[in-house]
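Chemist: File protein.cif below, mmCIF, N, CA and C atoms:
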```
data_entry
#
loop_
_atom_site.label_atom_id
_atom_site.label_comp_id
_atom_site.auth_asym_id
_atom_site.auth_seq_id
_atom_site.Cartn_x
_atom_site.Cartn_y
_atom_site.Cartn_z
N MET A 909 92.32 17.74 13.02
CA MET A 909 93.74 18.03 13.03
C MET A 909 94.45 17.18 14.06
N ARG A 910 93.91 17.09 15.27
CA ARG A 910 94.54 16.30 16.34
C ARG A 910 94.66 14.84 15.92
N ASP A 911 93.63 14.32 15.28
CA ASP A 911 93.64 12.92 14.83
C ASP A 911 94.79 12.68 13.84
N ALA A 912 94.98 13.61 12.91
CA ALA A 912 96.06 13.49 11.93
C ALA A 912 97.42 13.55 12.62
N LEU A 913 97.59 14.48 13.55
CA LEU A 913 98.86 14.60 14.26
C LEU A 913 99.17 13.35 15.09
N ASP A 914 98.14 12.74 15.64
CA ASP A 914 98.33 11.52 16.44
C ASP A 914 98.85 10.36 15.60
N ARG A 915 98.65 10.43 14.29
CA ARG A 915 99.11 9.34 13.42
C ARG A 915 100.53 9.56 12.90
N LEU A 916 101.09 10.76 13.12
CA LEU A 916 102.47 11.03 12.71
C LEU A 916 103.41 10.58 13.82
N ILE A 917 104.30 9.66 13.49
CA ILE A 917 105.19 9.10 14.49
C ILE A 917 106.64 9.29 14.05
N PRO A 918 107.39 10.16 14.74
CA PRO A 918 108.82 10.29 14.40
C PRO A 918 109.52 8.96 14.65
N ASP A 919 110.39 8.58 13.74
CA ASP A 919 111.04 7.27 13.83
C ASP A 919 112.47 7.38 13.30
N VAL A 920 113.32 8.03 14.04
CA VAL A 920 114.69 8.28 13.61
C VAL A 920 115.44 6.99 13.30
N GLY A 921 115.20 5.94 14.06
CA GLY A 921 115.89 4.67 13.85
C GLY A 921 115.32 3.81 12.75
N GLY A 922 114.11 4.12 12.29
CA GLY A 922 113.51 3.37 11.19
C GLY A 922 112.83 2.07 11.58
N ALA A 923 112.65 1.83 12.87
CA ALA A 923 112.06 0.58 13.33
C ALA A 923 110.61 0.40 12.88
N GLY A 924 109.90 1.49 12.65
CA GLY A 924 108.50 1.40 12.26
C GLY A 924 108.25 1.34 10.77
N ALA A 925 109.30 1.37 9.97
CA ALA A 925 109.13 1.39 8.50
C ALA A 925 108.34 0.19 7.99
N ALA A 926 108.50 -0.95 8.61
CA ALA A 926 107.81 -2.16 8.15
C ALA A 926 106.30 -2.09 8.35
N ARG A 927 105.84 -1.21 9.24
CA ARG A 927 104.41 -1.10 9.52
C ARG A 927 103.77 0.15 8.94
N ALA A 928 104.57 1.08 8.44
CA ALA A 928 104.06 2.38 8.01
C ALA A 928 103.35 2.31 6.66
N ASP A 929 102.31 3.11 6.52
CA ASP A 929 101.61 3.26 5.24
C ASP A 929 102.28 4.33 4.38
N VAL A 930 102.80 5.37 5.05
CA VAL A 930 103.50 6.47 4.39
C VAL A 930 104.78 6.73 5.18
N ILE A 931 105.90 6.79 4.48
CA ILE A 931 107.18 7.08 5.11
C ILE A 931 107.69 8.39 4.53
N ILE A 932 107.89 9.39 5.39
CA ILE A 932 108.36 10.70 4.94
C ILE A 932 109.80 10.88 5.40
N GLU A 933 110.70 11.00 4.45
CA GLU A 933 112.12 11.23 4.74
C GLU A 933 112.36 12.72 4.85
N ALA A 934 113.16 13.12 5.83
CA ALA A 934 113.49 14.54 6.00
C ALA A 934 114.93 14.70 6.48
N ILE A 935 115.87 14.04 5.80
CA ILE A 935 117.28 14.19 6.16
C ILE A 935 117.89 15.33 5.37
N PHE A 936 119.16 15.59 5.59
CA PHE A 936 119.87 16.69 4.93
C PHE A 936 119.89 16.50 3.42
N GLU A 937 120.10 17.59 2.70
CA GLU A 937 120.03 17.60 1.24
C GLU A 937 121.32 17.07 0.61
N ASN A 938 121.44 15.76 0.55
CA ASN A 938 122.58 15.10 -0.08
C ASN A 938 122.03 13.93 -0.88
N LEU A 939 122.24 13.95 -2.19
CA LEU A 939 121.64 12.95 -3.07
C LEU A 939 122.03 11.54 -2.69
N GLU A 940 123.29 11.29 -2.48
CA GLU A 940 123.73 9.92 -2.16
C GLU A 940 123.17 9.44 -0.82
N ALA A 941 123.09 10.34 0.14
CA ALA A 941 122.52 9.97 1.44
C ALA A 941 121.04 9.61 1.29
N LYS A 942 120.32 10.39 0.50
CA LYS A 942 118.90 10.10 0.29
C LYS A 942 118.71 8.80 -0.49
N ARG A 943 119.51 8.59 -1.51
CA ARG A 943 119.42 7.33 -2.27
C ARG A 943 119.67 6.13 -1.36
N SER A 944 120.69 6.22 -0.54
CA SER A 944 121.02 5.13 0.38
C SER A 944 119.88 4.87 1.36
N LEU A 945 119.35 5.94 1.93
CA LEU A 945 118.26 5.79 2.88
C LEU A 945 117.02 5.21 2.22
N PHE A 946 116.67 5.69 1.03
CA PHE A 946 115.48 5.16 0.36
C PHE A 946 115.64 3.70 -0.05
N ALA A 947 116.83 3.29 -0.42
CA ALA A 947 117.05 1.87 -0.72
C ALA A 947 116.79 1.03 0.52
N GLN A 948 117.26 1.49 1.67
CA GLN A 948 117.02 0.78 2.93
C GLN A 948 115.55 0.78 3.30
N LEU A 949 114.91 1.93 3.16
CA LEU A 949 113.49 2.03 3.51
C LEU A 949 112.63 1.16 2.61
N GLU A 950 112.93 1.17 1.33
CA GLU A 950 112.14 0.36 0.39
C GLU A 950 112.25 -1.13 0.75
N ALA A 951 113.42 -1.57 1.12
CA ALA A 951 113.62 -2.98 1.49
C ALA A 951 112.85 -3.34 2.76
N ALA A 952 112.72 -2.40 3.67
CA ALA A 952 112.05 -2.66 4.95
C ALA A 952 110.55 -2.42 4.90
N ALA A 953 110.10 -1.57 3.98
CA ALA A 953 108.70 -1.13 3.95
C ALA A 953 107.76 -2.17 3.37
N LYS A 954 106.48 -1.99 3.67
CA LYS A 954 105.44 -2.81 3.05
C LYS A 954 105.46 -2.54 1.55
N PRO A 955 105.10 -3.51 0.73
CA PRO A 955 105.14 -3.32 -0.73
C PRO A 955 104.27 -2.19 -1.25
N ASP A 956 103.22 -1.83 -0.52
CA ASP A 956 102.33 -0.76 -0.98
C ASP A 956 102.52 0.55 -0.22
N ALA A 957 103.54 0.62 0.62
CA ALA A 957 103.80 1.86 1.36
C ALA A 957 104.25 2.97 0.41
N ILE A 958 103.81 4.17 0.67
CA ILE A 958 104.23 5.33 -0.10
C ILE A 958 105.53 5.85 0.49
N LEU A 959 106.51 6.11 -0.36
CA LEU A 959 107.79 6.66 0.06
C LEU A 959 107.81 8.13 -0.34
N ALA A 960 107.99 9.00 0.62
CA ALA A 960 107.94 10.44 0.36
C ALA A 960 109.23 11.10 0.83
N THR A 961 109.65 12.09 0.06
CA THR A 961 110.82 12.88 0.44
C THR A 961 110.39 14.32 0.68
N ASN A 962 111.06 14.95 1.62
CA ASN A 962 110.81 16.34 1.92
C ASN A 962 111.87 17.23 1.28
N THR A 963 112.54 16.74 0.25
CA THR A 963 113.60 17.50 -0.40
C THR A 963 113.06 18.81 -0.98
N SER A 964 113.91 19.81 -0.95
CA SER A 964 113.54 21.09 -1.54
C SER A 964 114.47 21.48 -2.69
N SER A 965 115.55 20.69 -2.86
CA SER A 965 116.52 21.09 -3.88
C SER A 965 116.95 19.97 -4.83
N LEU A 966 116.59 18.74 -4.52
CA LEU A 966 117.01 17.61 -5.36
C LEU A 966 115.85 17.13 -6.23
N LYS A 967 116.17 16.62 -7.39
CA LYS A 967 115.15 16.09 -8.30
C LYS A 967 114.65 14.74 -7.80
N LEU A 968 113.34 14.57 -7.82
CA LEU A 968 112.76 13.28 -7.44
C LEU A 968 113.28 12.16 -8.33
N SER A 969 113.42 12.44 -9.61
CA SER A 969 113.88 11.41 -10.54
C SER A 969 115.30 10.95 -10.21
N ASP A 970 116.13 11.82 -9.66
CA ASP A 970 117.48 11.42 -9.26
C ASP A 970 117.44 10.55 -8.01
N ILE A 971 116.58 10.89 -7.07
CA ILE A 971 116.43 10.08 -5.86
C ILE A 971 115.84 8.72 -6.21
N ALA A 972 114.89 8.70 -7.14
CA ALA A 972 114.18 7.47 -7.51
C ALA A 972 115.08 6.41 -8.12
N THR A 973 116.25 6.78 -8.61
CA THR A 973 117.14 5.78 -9.23
C THR A 973 117.60 4.72 -8.24
N ALA A 974 117.48 5.00 -6.94
CA ALA A 974 117.87 4.03 -5.92
C ALA A 974 116.78 3.00 -5.64
N LEU A 975 115.58 3.22 -6.18
CA LEU A 975 114.44 2.37 -5.87
C LEU A 975 114.21 1.30 -6.93
N LYS A 976 113.79 0.13 -6.47
CA LYS A 976 113.38 -0.92 -7.40
C LYS A 976 112.03 -0.57 -8.02
N ASP A 977 111.19 0.11 -7.23
CA ASP A 977 109.88 0.54 -7.70
C ASP A 977 109.73 2.04 -7.52
N PRO A 978 110.23 2.84 -8.47
CA PRO A 978 110.17 4.30 -8.33
C PRO A 978 108.76 4.88 -8.42
N SER A 979 107.78 4.06 -8.75
CA SER A 979 106.41 4.56 -8.84
C SER A 979 105.84 4.91 -7.47
N ARG A 980 106.50 4.48 -6.40
CA ARG A 980 106.04 4.73 -5.04
C ARG A 980 106.52 6.05 -4.46
N LEU A 981 107.40 6.75 -5.15
CA LEU A 981 108.04 7.95 -4.61
C LEU A 981 107.26 9.22 -4.95
N VAL A 982 107.04 10.04 -3.93
CA VAL A 982 106.47 11.37 -4.10
C VAL A 982 107.29 12.35 -3.28
N GLY A 983 107.15 13.62 -3.62
CA GLY A 983 107.72 14.68 -2.79
C GLY A 983 106.61 15.28 -1.97
N ILE A 984 106.90 15.63 -0.73
CA ILE A 984 105.92 16.27 0.14
C ILE A 984 106.56 17.53 0.71
N HIS A 985 105.89 18.65 0.51
CA HIS A 985 106.37 19.92 1.04
C HIS A 985 105.33 20.50 1.98
N PHE A 986 105.76 20.76 3.20
CA PHE A 986 104.89 21.39 4.19
C PHE A 986 105.17 22.89 4.17
N PHE A 987 104.14 23.71 4.04
CA PHE A 987 104.32 25.15 3.97
C PHE A 987 104.42 25.73 5.37
N ASN A 988 105.27 26.73 5.53
CA ASN A 988 105.53 27.35 6.83
C ASN A 988 104.77 28.67 6.99
N PRO A 989 104.41 28.98 8.20
CA PRO A 989 104.55 28.18 9.42
C PRO A 989 103.49 27.07 9.45
N VAL A 990 103.94 25.86 9.69
CA VAL A 990 103.07 24.68 9.61
C VAL A 990 101.82 24.79 10.49
N PRO A 991 101.92 25.27 11.73
CA PRO A 991 100.70 25.34 12.55
C PRO A 991 99.62 26.26 11.98
N GLN A 992 100.03 27.31 11.27
CA GLN A 992 99.04 28.24 10.71
C GLN A 992 98.63 27.87 9.29
N LEU A 993 99.55 27.39 8.49
CA LEU A 993 99.25 27.04 7.10
C LEU A 993 99.10 25.54 6.97
N GLN A 994 97.90 25.08 7.02
CA GLN A 994 97.63 23.66 6.92
C GLN A 994 97.60 23.26 5.45
N LEU A 995 98.76 23.43 4.81
CA LEU A 995 98.88 23.22 3.38
C LEU A 995 100.05 22.29 3.10
N VAL A 996 99.80 21.26 2.33
CA VAL A 996 100.82 20.30 1.96
C VAL A 996 100.77 20.14 0.44
N GLU A 997 101.94 20.19 -0.17
CA GLU A 997 102.04 19.96 -1.61
C GLU A 997 102.61 18.57 -1.85
N VAL A 998 101.95 17.79 -2.69
CA VAL A 998 102.46 16.48 -3.08
C VAL A 998 102.94 16.59 -4.52
N VAL A 999 104.21 16.27 -4.74
CA VAL A 999 104.83 16.42 -6.05
C VAL A 999 105.13 15.04 -6.61
N SER A 1000 104.78 14.84 -7.87
CA SER A 1000 105.04 13.58 -8.55
C SER A 1000 106.30 13.68 -9.40
N ALA A 1001 107.00 12.58 -9.52
CA ALA A 1001 108.15 12.49 -10.42
C ALA A 1001 107.67 11.86 -11.73
N GLU A 1002 108.57 11.74 -12.67
CA GLU A 1002 108.21 11.17 -13.97
C GLU A 1002 107.62 9.77 -13.85
N LYS A 1003 108.16 8.95 -12.93
CA LYS A 1003 107.71 7.57 -12.80
C LYS A 1003 106.73 7.34 -11.66
N THR A 1004 106.30 8.39 -10.98
CA THR A 1004 105.36 8.24 -9.88
C THR A 1004 104.02 7.74 -10.41
N ASN A 1005 103.46 6.78 -9.75
CA ASN A 1005 102.14 6.26 -10.09
C ASN A 1005 101.13 7.38 -9.86
N PRO A 1006 100.40 7.80 -10.90
CA PRO A 1006 99.46 8.93 -10.75
C PRO A 1006 98.32 8.65 -9.78
N GLU A 1007 98.10 7.41 -9.42
CA GLU A 1007 97.03 7.07 -8.48
C GLU A 1007 97.43 7.29 -7.02
N LEU A 1008 98.72 7.52 -6.76
CA LEU A 1008 99.18 7.65 -5.38
C LEU A 1008 98.45 8.73 -4.60
N ALA A 1009 98.31 9.91 -5.17
CA ALA A 1009 97.68 11.01 -4.45
C ALA A 1009 96.21 10.75 -4.18
N LYS A 1010 95.62 9.83 -4.92
CA LYS A 1010 94.20 9.52 -4.74
C LYS A 1010 93.99 8.47 -3.65
N ARG A 1011 95.05 7.81 -3.23
CA ARG A 1011 94.92 6.76 -2.23
C ARG A 1011 94.47 7.31 -0.89
N GLN A 1012 93.84 6.48 -0.13
CA GLN A 1012 93.37 6.86 1.19
C GLN A 1012 94.51 7.35 2.07
N ARG A 1013 95.70 6.81 1.91
CA ARG A 1013 96.82 7.19 2.78
C ARG A 1013 97.26 8.63 2.58
N LEU A 1014 96.92 9.21 1.43
CA LEU A 1014 97.23 10.62 1.19
C LEU A 1014 95.94 11.43 1.15
N SER A 1015 94.94 10.98 1.88
CA SER A 1015 93.64 11.64 1.82
C SER A 1015 93.65 13.04 2.43
N PHE A 1016 94.72 13.40 3.13
CA PHE A 1016 94.79 14.76 3.66
C PHE A 1016 95.05 15.78 2.56
N VAL A 1017 95.36 15.30 1.36
CA VAL A 1017 95.58 16.18 0.22
C VAL A 1017 94.27 16.34 -0.52
N THR A 1018 93.86 17.57 -0.76
CA THR A 1018 92.58 17.79 -1.43
C THR A 1018 92.73 18.12 -2.91
N SER A 1019 93.93 18.48 -3.35
CA SER A 1019 94.13 18.84 -4.74
C SER A 1019 95.56 18.62 -5.16
N THR A 1020 95.76 18.09 -6.35
CA THR A 1020 97.10 17.99 -6.92
C THR A 1020 97.06 18.52 -8.34
N SER A 1021 98.09 19.24 -8.73
CA SER A 1021 98.06 19.81 -10.07
C SER A 1021 99.42 19.84 -10.77
N CYS A 1022 100.50 19.49 -10.10
CA CYS A 1022 101.83 19.65 -10.67
C CYS A 1022 102.49 18.30 -10.92
N ARG A 1023 103.02 18.11 -12.12
CA ARG A 1023 103.88 16.96 -12.39
C ARG A 1023 105.26 17.53 -12.65
N CYS A 1024 106.14 17.36 -11.69
CA CYS A 1024 107.49 17.92 -11.80
C CYS A 1024 108.50 16.81 -11.98
N ARG A 1025 109.62 17.14 -12.56
CA ARG A 1025 110.65 16.14 -12.77
C ARG A 1025 111.81 16.51 -11.95
#
```
Would you put the structure from the file into structure tokens?
Modeler:
Amino acid sequence: MRDALDRLIPDVGGAGAARADVIIEAIFENLEAKRSLFAQLEAAAKPDAILATNTSSLKLSDIATALKDPSRLVGIHFFNPVPQLQLVEVVSAEKTNPELAKRQRLSFVTSTSCRCR
């Protein structure tokens, strides 16, 4: 657990996006704001970086319209209380590459079963 936490780096300014393997967005629930941010992140990120949103109310497919490569987008939901429930849900959109959850960068996920739109 400590090893995993040591790899999570808050980056409010986005300076680390170019080096990140997984980028998790957690801004307020506004579709246009998320689309704008993901367009910026995609331009700055490595071509194989996974782009993840922590949205709880917006459709992944709506957010993905801002991306040149929507196959990189997943939803990530952390269950509360996070310190006690070490459970993360990875949600795929219609255009998400089904191999994403199997990649080493998402190896903290042990099971996926939902394809949501």
Chemist: What is the distance, in Å and to one decimal place, between atom CA of A:Thr1004 and atom CA of A:Pro918?
Modeler: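 So the two atoms, atom CA of A:Thr1004 and atom CA of A:Pro918, lie 24.6 Å apart.
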Chemist: With distances taken over only N, CA and C atoms, which residue among A:Ala934, A:Ala926, A:Gln992, A:Leu1008 lies nearest A:Ala953?
Modeler: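 Answer, going by the shortest atom-to-atom distance: A:Ala926.
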Chemist: Could you give me, as a PDB file with N, CA and C atoms, in the coordinates of the input, the residues within 6 Å of stretch 959-974 of chain A, counting all atoms listed in the file and dropping anything in the same chain fewer than 5 positions from it?
Modeler:
```
ATOM      1  N   VAL A 930     102.800   5.370   5.050  1.00  0.00           N
ATOM      2  CA  VAL A 930     103.500   6.470   4.390  1.00  0.00           C
ATOM      3  C   VAL A 930     104.780   6.730   5.180  1.00  0.00           C
ATOM      4  N   ILE A 931     105.900   6.790   4.480  1.00  0.00           N
ATOM      5  CA  ILE A 931     107.180   7.080   5.110  1.00  0.00           C
ATOM      6  C   ILE A 931     107.690   8.390   4.530  1.00  0.00           C
ATOM      7  N   ILE A 932     107.890   9.390   5.390  1.00  0.00           N
ATOM      8  CA  ILE A 932     108.360  10.700   4.940  1.00  0.00           C
ATOM      9  C   ILE A 932     109.800  10.880   5.400  1.00  0.00           C
ATOM     10  N   GLU A 933     110.700  11.000   4.450  1.00  0.00           N
ATOM     11  CA  GLU A 933     112.120  11.230   4.740  1.00  0.00           C
ATOM     12  C   GLU A 933     112.360  12.720   4.850  1.00  0.00           C
ATOM     13  N   ALA A 934     113.160  13.120   5.830  1.00  0.00           N
ATOM     14  CA  ALA A 934     113.490  14.540   6.000  1.00  0.00           C
ATOM     15  C   ALA A 934     114.930  14.700   6.480  1.00  0.00           C
ATOM     16  N   LYS A 942     120.320  10.390   0.500  1.00  0.00           N
ATOM     17  CA  LYS A 942     118.900  10.100   0.290  1.00  0.00           C
ATOM     18  C   LYS A 942     118.710   8.800  -0.490  1.00  0.00           C
ATOM     19  N   ARG A 943     119.510   8.590  -1.510  1.00  0.00           N
ATOM     20  CA  ARG A 943     119.420   7.330  -2.270  1.00  0.00           C
ATOM     21  C   ARG A 943     119.670   6.130  -1.360  1.00  0.00           C
ATOM     22  N   PHE A 946     116.670   5.690   1.030  1.00  0.00           N
ATOM     23  CA  PHE A 946     115.480   5.160   0.360  1.00  0.00           C
ATOM     24  C   PHE A 946     115.640   3.700  -0.050  1.00  0.00           C
ATOM     25  N   ALA A 947     116.830   3.290  -0.420  1.00  0.00           N
ATOM     26  CA  ALA A 947     117.050   1.870  -0.720  1.00  0.00           C
ATOM     27  C   ALA A 947     116.790   1.030   0.520  1.00  0.00           C
ATOM     28  N   ARG A 980     106.500   4.480  -6.400  1.00  0.00           N
ATOM     29  CA  ARG A 980     106.040   4.730  -5.040  1.00  0.00           C
ATOM     30  C   ARG A 980     106.520   6.050  -4.460  1.00  0.00           C
ATOM     31  N   LEU A 981     107.400   6.750  -5.150  1.00  0.00           N
ATOM     32  CA  LEU A 981     108.040   7.950  -4.610  1.00  0.00           C
ATOM     33  C   LEU A 981     107.260   9.220  -4.950  1.00  0.00           C
ATOM     34  N   VAL A 982     107.040  10.040  -3.930  1.00  0.00           N
ATOM     35  CA  VAL A 982     106.470  11.370  -4.100  1.00  0.00           C
ATOM     36  C   VAL A 982     107.290  12.350  -3.280  1.00  0.00           C
ATOM     37  N   GLY A 983     107.150  13.620  -3.620  1.00  0.00           N
ATOM     38  CA  GLY A 983     107.720  14.680  -2.790  1.00  0.00           C
ATOM     39  C   GLY A 983     106.610  15.280  -1.970  1.00  0.00           C
ATOM     40  N   ILE A 984     106.900  15.630  -0.730  1.00  0.00           N
ATOM     41  CA  ILE A 984     105.920  16.270   0.140  1.00  0.00           C
ATOM     42  C   ILE A 984     106.560  17.530   0.710  1.00  0.00           C
ATOM     43  N   HIS A 985     105.890  18.650   0.510  1.00  0.00           N
ATOM     44  CA  HIS A 985     106.370  19.920   1.040  1.00  0.00           C
ATOM     45  C   HIS A 985     105.330  20.500   1.980  1.00  0.00           C
ATOM     46  N   ALA A1001     107.000  12.580  -9.520  1.00  0.00           N
ATOM     47  CA  ALA A1001     108.150  12.490 -10.420  1.00  0.00           C
ATOM     48  C   ALA A1001     107.670  11.860 -11.730  1.00  0.00           C
ATOM     49  N   GLU A1002     108.570  11.740 -12.670  1.00  0.00           N
ATOM     50  CA  GLU A1002     108.210  11.170 -13.970  1.00  0.00           C
ATOM     51  C   GLU A1002     107.620   9.770 -13.850  1.00  0.00           C
ATOM     52  N   ARG A1025     109.620  17.140 -12.560  1.00  0.00           N
ATOM     53  CA  ARG A1025     110.650  16.140 -12.770  1.00  0.00           C
ATOM     54  C   ARG A1025     111.810  16.510 -11.950  1.00  0.00           C
TER      55      ARG A1025
END
```
Chemist: Once you count only C-alpha atoms, which residues end up no further than 7 Å from (113.3, -2.9, -5.9) in the file's frame, shown as a list in words?
Modeler: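 Taken together, the residues in range are Leu975, Lys976 and Asp977 of chain A.
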Chemist: What gap, in Å, lies between atom CA of A:Leu993 and atom C of A:Ile917?
Modeler: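 Taking atom CA of A:Leu993 as the start and atom C of A:Ile917 as the end point, the length is 20.4 Å.
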Chemist: For the structure I just gave you, how does DSSP split stretch 914-963 of chain A - specifically, which residues are alpha helix (DSSP H)? Reply as a ChimeraX atom specification.
Modeler: /A:914,939-952
Chemist: Kindly save the residues from that selection, with N, CA and C atoms included, as a PDB file, in the coordinates of the input.
Modeler:
```
ATOM      1  N   ASP A 914      98.140  12.740  15.640  1.00  0.00           N
ATOM      2  CA  ASP A 914      98.330  11.520  16.440  1.00  0.00           C
ATOM      3  C   ASP A 914      98.850  10.360  15.600  1.00  0.00           C
ATOM      4  N   LEU A 939     122.240  13.950  -2.190  1.00  0.00           N
ATOM      5  CA  LEU A 939     121.640  12.950  -3.070  1.00  0.00           C
ATOM      6  C   LEU A 939     122.030  11.540  -2.690  1.00  0.00           C
ATOM      7  N   GLU A 940     123.290  11.290  -2.480  1.00  0.00           N
ATOM      8  CA  GLU A 940     123.730   9.920  -2.160  1.00  0.00           C
ATOM      9  C   GLU A 940     123.170   9.440  -0.820  1.00  0.00           C
ATOM     10  N   ALA A 941     123.090  10.340   0.140  1.00  0.00           N
ATOM     11  CA  ALA A 941     122.520   9.970   1.440  1.00  0.00           C
ATOM     12  C   ALA A 941     121.040   9.610   1.290  1.00  0.00           C
ATOM     13  N   LYS A 942     120.320  10.390   0.500  1.00  0.00           N
ATOM     14  CA  LYS A 942     118.900  10.100   0.290  1.00  0.00           C
ATOM     15  C   LYS A 942     118.710   8.800  -0.490  1.00  0.00           C
ATOM     16  N   ARG A 943     119.510   8.590  -1.510  1.00  0.00           N
ATOM     17  CA  ARG A 943     119.420   7.330  -2.270  1.00  0.00           C
ATOM     18  C   ARG A 943     119.670   6.130  -1.360  1.00  0.00           C
ATOM     19  N   SER A 944     120.690   6.220  -0.540  1.00  0.00           N
ATOM     20  CA  SER A 944     121.020   5.130   0.380  1.00  0.00           C
ATOM     21  C   SER A 944     119.880   4.870   1.360  1.00  0.00           C
ATOM     22  N   LEU A 945     119.350   5.940   1.930  1.00  0.00           N
ATOM     23  CA  LEU A 945     118.260   5.790   2.880  1.00  0.00           C
ATOM     24  C   LEU A 945     117.020   5.210   2.220  1.00  0.00           C
ATOM     25  N   PHE A 946     116.670   5.690   1.030  1.00  0.00           N
ATOM     26  CA  PHE A 946     115.480   5.160   0.360  1.00  0.00           C
ATOM     27  C   PHE A 946     115.640   3.700  -0.050  1.00  0.00           C
ATOM     28  N   ALA A 947     116.830   3.290  -0.420  1.00  0.00           N
ATOM     29  CA  ALA A 947     117.050   1.870  -0.720  1.00  0.00           C
ATOM     30  C   ALA A 947     116.790   1.030   0.520  1.00  0.00           C
ATOM     31  N   GLN A 948     117.260   1.490   1.670  1.00  0.00           N
ATOM     32  CA  GLN A 948     117.020   0.780   2.930  1.00  0.00           C
ATOM     33  C   GLN A 948     115.550   0.780   3.300  1.00  0.00           C
ATOM     34  N   LEU A 949     114.910   1.930   3.160  1.00  0.00           N
ATOM     35  CA  LEU A 949     113.490   2.030   3.510  1.00  0.00           C
ATOM     36  C   LEU A 949     112.630   1.160   2.610  1.00  0.00           C
ATOM     37  N   GLU A 950     112.930   1.170   1.330  1.00  0.00           N
ATOM     38  CA  GLU A 950     112.140   0.360   0.390  1.00  0.00           C
ATOM     39  C   GLU A 950     112.250  -1.130   0.750  1.00  0.00           C
ATOM     40  N   ALA A 951     113.420  -1.570   1.120  1.00  0.00           N
ATOM     41  CA  ALA A 951     113.620  -2.980   1.490  1.00  0.00           C
ATOM     42  C   ALA A 951     112.850  -3.340   2.760  1.00  0.00           C
ATOM     43  N   ALA A 952     112.720  -2.400   3.670  1.00  0.00           N
ATOM     44  CA  ALA A 952     112.050  -2.660   4.950  1.00  0.00           C
ATOM     45  C   ALA A 952     110.550  -2.420   4.900  1.00  0.00           C
TER      46      ALA A 952
END
```
Chemist: One decimal, in Å: what's the spacing between atom N of A:Pro989 and atom CA of A:Gly924?
Modeler: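 Between these atoms lies a distance of 28.2 Å.
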Chemist: Identify all residues of stretch 911-980 of chain A in strand (DSSP E or B) (DSSP on the backbone) and supply them as number ranges by chain.
Modeler: A: 930-933, 958-961
Chemist: Selection from above, N, CA and C atoms, as a compact mmCIF listing (two decimals), in the frame of the given file, can you write it?
Modeler:
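Saved file out_0.txt follows:
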```
# COMPACT_ATOMS: atom_id res chain seq x y z
N VAL A 930 102.80 5.37 5.05
CA VAL A 930 103.50 6.47 4.39
C VAL A 930 104.78 6.73 5.18
N ILE A 931 105.90 6.79 4.48
CA ILE A 931 107.18 7.08 5.11
C ILE A 931 107.69 8.39 4.53
N ILE A 932 107.89 9.39 5.39
CA ILE A 932 108.36 10.70 4.94
C ILE A 932 109.80 10.88 5.40
N GLU A 933 110.70 11.00 4.45
CA GLU A 933 112.12 11.23 4.74
C GLU A 933 112.36 12.72 4.85
N ILE A 958 103.81 4.17 0.67
CA ILE A 958 104.23 5.33 -0.10
C ILE A 958 105.53 5.85 0.49
N LEU A 959 106.51 6.11 -0.36
CA LEU A 959 107.79 6.66 0.06
C LEU A 959 107.81 8.13 -0.34
N ALA A 960 107.99 9.00 0.62
CA ALA A 960 107.94 10.44 0.36
C ALA A 960 109.23 11.10 0.83
N THR A 961 109.65 12.09 0.06
CA THR A 961 110.82 12.88 0.44
C THR A 961 110.39 14.32 0.68
```
Chemist: Using only C-alpha atoms, can you tell me which of A:Leu995, A:Pro978, A:Ala925, A:Glu1007 comes closest to A:Ala952?
Modeler: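 So, comparing all the options, the nearest one is A:Ala925.
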